[in-house]
file final_38.txt (compact mmCIF, C-alpha atoms)
# COMPACT_ATOMS: atom_id res chain seq x y z
CA MET A 1 -146.23 -35.64 42.60
CA VAL A 2 -149.87 -34.74 42.07
CA ARG A 3 -152.39 -35.36 44.84
CA TRP A 4 -156.08 -35.72 43.99
CA LEU A 5 -158.55 -34.69 46.67
CA VAL A 6 -161.83 -36.45 45.90
CA PRO A 7 -164.87 -36.20 48.19
CA ASP A 8 -166.24 -39.48 49.59
CA ASP A 9 -169.80 -38.32 48.94
CA PRO A 10 -170.80 -39.24 45.33
CA THR A 11 -173.37 -36.42 45.29
CA ILE A 12 -170.55 -33.85 45.48
CA ILE A 13 -169.18 -33.12 42.03
CA GLY A 14 -165.65 -31.82 42.04
CA ILE A 15 -162.07 -32.52 42.88
CA ALA A 16 -159.08 -30.56 44.06
CA ILE A 17 -155.55 -30.98 42.80
CA LYS A 18 -152.32 -30.20 44.65
CA VAL A 19 -148.87 -30.39 43.04
CA PHE A 20 -145.67 -31.21 44.90
CA GLU A 21 -142.01 -31.42 43.95
CA ALA A 22 -139.25 -33.37 45.65
CA ASP A 23 -136.98 -31.30 47.87
CA PHE A 24 -134.00 -33.68 47.99
CA HIS A 25 -131.98 -31.38 50.25
CA MET A 26 -134.69 -31.43 52.96
CA SER A 27 -135.87 -35.00 52.13
CA ARG A 28 -139.53 -34.00 51.79
CA TRP A 29 -142.24 -33.00 49.33
CA ARG A 30 -142.82 -29.26 48.85
CA GLU A 31 -146.12 -27.90 47.50
CA VAL A 32 -145.79 -26.03 44.19
CA GLN A 33 -148.02 -23.01 43.50
CA SER A 34 -147.04 -22.52 39.84
CA LEU A 35 -145.76 -24.64 36.95
CA GLY A 36 -144.51 -21.59 35.05
CA ASP A 37 -144.28 -22.50 31.35
CA ASP A 38 -144.72 -26.21 32.06
CA VAL A 39 -147.85 -28.24 31.43
CA LEU A 40 -148.60 -31.56 33.14
CA PHE A 41 -150.56 -34.40 31.58
CA ILE A 42 -151.67 -36.87 34.23
CA SER A 43 -153.71 -40.06 34.29
CA SER A 44 -153.76 -43.27 36.27
CA ASN A 45 -151.41 -45.02 33.86
CA CYS A 46 -149.36 -42.30 32.12
CA SER A 47 -148.07 -38.87 33.09
CA ARG A 48 -145.77 -36.43 31.34
CA ALA A 49 -144.54 -32.85 31.63
CA LYS A 50 -144.13 -30.60 28.57
CA MET A 51 -143.08 -27.00 28.05
CA ALA A 52 -145.80 -24.75 26.65
CA PHE A 53 -143.44 -22.66 24.52
CA GLY A 54 -141.58 -23.57 21.35
CA GLY A 55 -143.35 -26.06 19.08
CA HIS A 56 -146.20 -26.49 21.56
CA ALA A 57 -147.06 -22.81 22.18
CA GLN A 58 -150.02 -22.71 19.80
CA TYR A 59 -151.59 -25.79 21.41
CA LEU A 60 -150.75 -25.51 25.10
CA GLN A 61 -150.88 -22.84 27.78
CA GLY A 62 -148.41 -23.00 30.68
CA ASN A 63 -149.31 -23.50 34.32
CA GLN A 64 -152.06 -26.00 33.52
CA ILE A 65 -152.69 -29.65 34.32
CA TYR A 66 -154.57 -31.80 31.82
CA PHE A 67 -156.01 -34.81 33.61
CA LEU A 68 -157.76 -38.04 32.68
CA ASN A 69 -158.98 -40.11 35.58
CA ASP A 70 -161.16 -43.10 34.85
CA SER A 71 -160.60 -44.68 38.25
CA PHE A 72 -163.20 -42.72 40.24
CA VAL A 73 -165.67 -45.51 40.99
CA HIS A 74 -168.70 -44.67 43.09
CA TRP A 75 -171.23 -47.15 44.43
CA SER A 76 -174.89 -46.54 43.77
CA HIS A 77 -177.62 -48.98 44.86
CA GLY A 78 -175.10 -51.79 45.40
CA SER A 79 -173.39 -51.60 42.02
CA PRO A 80 -170.33 -49.69 40.80
CA TRP A 81 -170.85 -46.60 38.67
CA ASN A 82 -167.88 -45.34 36.73
CA LYS A 83 -167.65 -41.54 36.88
CA PRO A 84 -164.65 -40.42 34.80
CA ALA A 85 -163.15 -37.03 35.44
CA CYS A 86 -161.41 -35.40 32.51
CA GLY A 87 -160.44 -31.78 32.36
CA VAL A 88 -157.91 -28.98 32.58
CA TYR A 89 -156.90 -27.51 35.93
CA ASP A 90 -155.57 -23.94 35.71
CA MET A 91 -153.11 -23.41 38.56
CA SER A 92 -153.29 -19.61 38.18
CA SER A 93 -157.03 -19.36 38.82
CA GLY A 94 -157.60 -22.63 40.68
CA THR A 95 -160.41 -23.50 38.27
CA ILE A 96 -161.19 -26.68 36.35
CA ARG A 97 -162.82 -26.79 32.95
CA PRO A 98 -164.10 -30.14 31.71
CA ILE A 99 -162.95 -32.03 28.64
CA SER A 100 -166.01 -33.44 26.89
CA LEU A 101 -166.03 -37.17 26.28
CA GLY A 102 -169.09 -36.86 24.07
CA ALA A 103 -172.44 -38.51 24.61
CA ARG A 104 -171.20 -42.08 24.28
CA ARG A 105 -171.55 -44.47 27.17
CA ILE A 106 -168.22 -45.13 28.86
CA SER A 107 -167.47 -48.70 29.79
CA THR A 108 -165.95 -49.53 33.16
CA GLN A 109 -163.48 -51.63 31.15
CA SER A 110 -162.20 -48.63 29.14
CA LYS A 111 -159.07 -46.78 30.22
CA ALA A 112 -158.27 -43.19 29.32
CA LEU A 113 -154.87 -42.67 27.66
CA TRP A 114 -152.65 -39.81 26.52
CA PHE A 115 -150.88 -40.14 23.17
CA PHE A 116 -147.71 -38.10 22.61
CA LEU A 117 -145.65 -37.48 19.50
CA PRO A 118 -141.92 -37.94 19.97
CA ASP A 119 -140.37 -34.60 20.98
CA HIS A 120 -138.54 -34.23 17.66
CA ALA A 121 -141.79 -34.80 15.71
CA ALA A 122 -143.68 -32.03 17.53
CA SER A 123 -141.62 -29.32 15.82
CA LYS A 124 -142.36 -30.83 12.38
CA ARG A 125 -146.16 -30.58 12.63
CA PRO A 126 -147.81 -28.70 9.79
CA SER A 127 -149.18 -25.25 10.51
CA PHE A 128 -152.93 -24.79 10.07
CA ASN A 129 -152.95 -20.99 9.79

call {"tool": "encode", "arguments": {"input": "final_38.txt", "output": "structure tokens"}}
result
Amino acid sequence: MVRWLVPDDPTIIGIAIKVFEADFHMSRWREVQSLGDDVLFISSNCSRAKMAFGGHAQYLQGNQIYFLNDSFVHWSHGSPWNKPACGVYDMSSGTIRPISLGARRISTQSKALWFFLPDHAASKRPSFN
């Protein structure tokens, strides 16, 4: 489970992310400090875990969370203002670096999505060396 900590004040820019795993023996959630070689991709409608080694090693670095969140809606002067948050959270350093969405205006009707190749197709990608 991933918990987003978002400030209520729209003037504060930033979020915090905490990761938990199920401890079935103790029937509770336990906070995780490291993902090791795993990478998480999370969004409001699709999440997936991948390993950063093997066919993905040249594209992904372990212990990171890639996130797309288009559901942060803040109210400004009586009307909603969509403020998407897209970035990479590094669990080793506790830092977030943004993913640029470009200069285009983002509609409140648009939803951010991850697209994944089937696992068997990832190893067949051409090399661009």

call {"tool": "atom_distance", "arguments": {"input": "final_38.txt", "atom1": "CA of Phe20 (chain A)", "atom2": "CA of Gln64 (chain A)"}}
result
14.1 Å

call {"tool": "atom_distance", "arguments": {"input": "final_38.txt", "atom1": "CA of Cys86 (chain A)", "atom2": "CA of Glu21 (chain A)"}}
result
22.9 Å

call {"tool": "closest_residue", "arguments": {"input": "final_38.txt", "among": "A:Ala49, A:Val39, A:Leu68, A:Leu113", "to": "Ile99 (chain A)", "atoms": "only C-alpha atoms"}}
result
A:Leu68

call {"tool": "axis_aligned_box", "arguments": {"input": "final_38.txt", "around": "region 42-54 of chain A", "padding_each_side": "4 Å", "output": "AutoDock Vina command-line options"}}
result
--center_x -147.7 --center_y -33.8 --center_z 28.8 --size_x 20.2 --size_y 30.4 --size_z 22.9

call {"tool": "closest_residue", "arguments": {"input": "final_38.txt", "among": "A:His25, A:Asp37, A:Lys18, A:Ile96", "to": "Gln61 (chain A)", "atoms": "only C-alpha atoms"}}
result
A:Asp37

call {"tool": "closest_residue", "arguments": {"input": "final_38.txt", "among": "A:Met51, A:Ser44, A:Ile65, A:Phe115", "to": "Val19 (chain A)", "atoms": "only C-alpha atoms"}}
result
A:Ile65

call {"tool": "residues_around", "arguments": {"input": "final_38.txt", "residues": "Ile42 (chain A)", "least_positions_apart": "4", "cutoff": "8 Å", "atoms": "only C-alpha atoms", "output": "PDB file with C-alpha atoms, in the coordinates of the input"}}
result
ATOM      1  CA  CYS A  46    -149.360 -42.300  32.120  1.00  0.00           C
ATOM      2  CA  SER A  47    -148.070 -38.870  33.090  1.00  0.00           C
ATOM      3  CA  ARG A  48    -145.770 -36.430  31.340  1.00  0.00           C
ATOM      4  CA  ILE A  65    -152.690 -29.650  34.320  1.00  0.00           C
ATOM      5  CA  TYR A  66    -154.570 -31.800  31.820  1.00  0.00           C
ATOM      6  CA  PHE A  67    -156.010 -34.810  33.610  1.00  0.00           C
ATOM      7  CA  LEU A  68    -157.760 -38.040  32.680  1.00  0.00           C
TER       8      LEU A  68
END

call {"tool": "atom_distance", "arguments": {"input": "final_38.txt", "atom1": "CA of Gly62 (chain A)", "atom2": "CA of Ser93 (chain A)"}}
result
12.4 Å
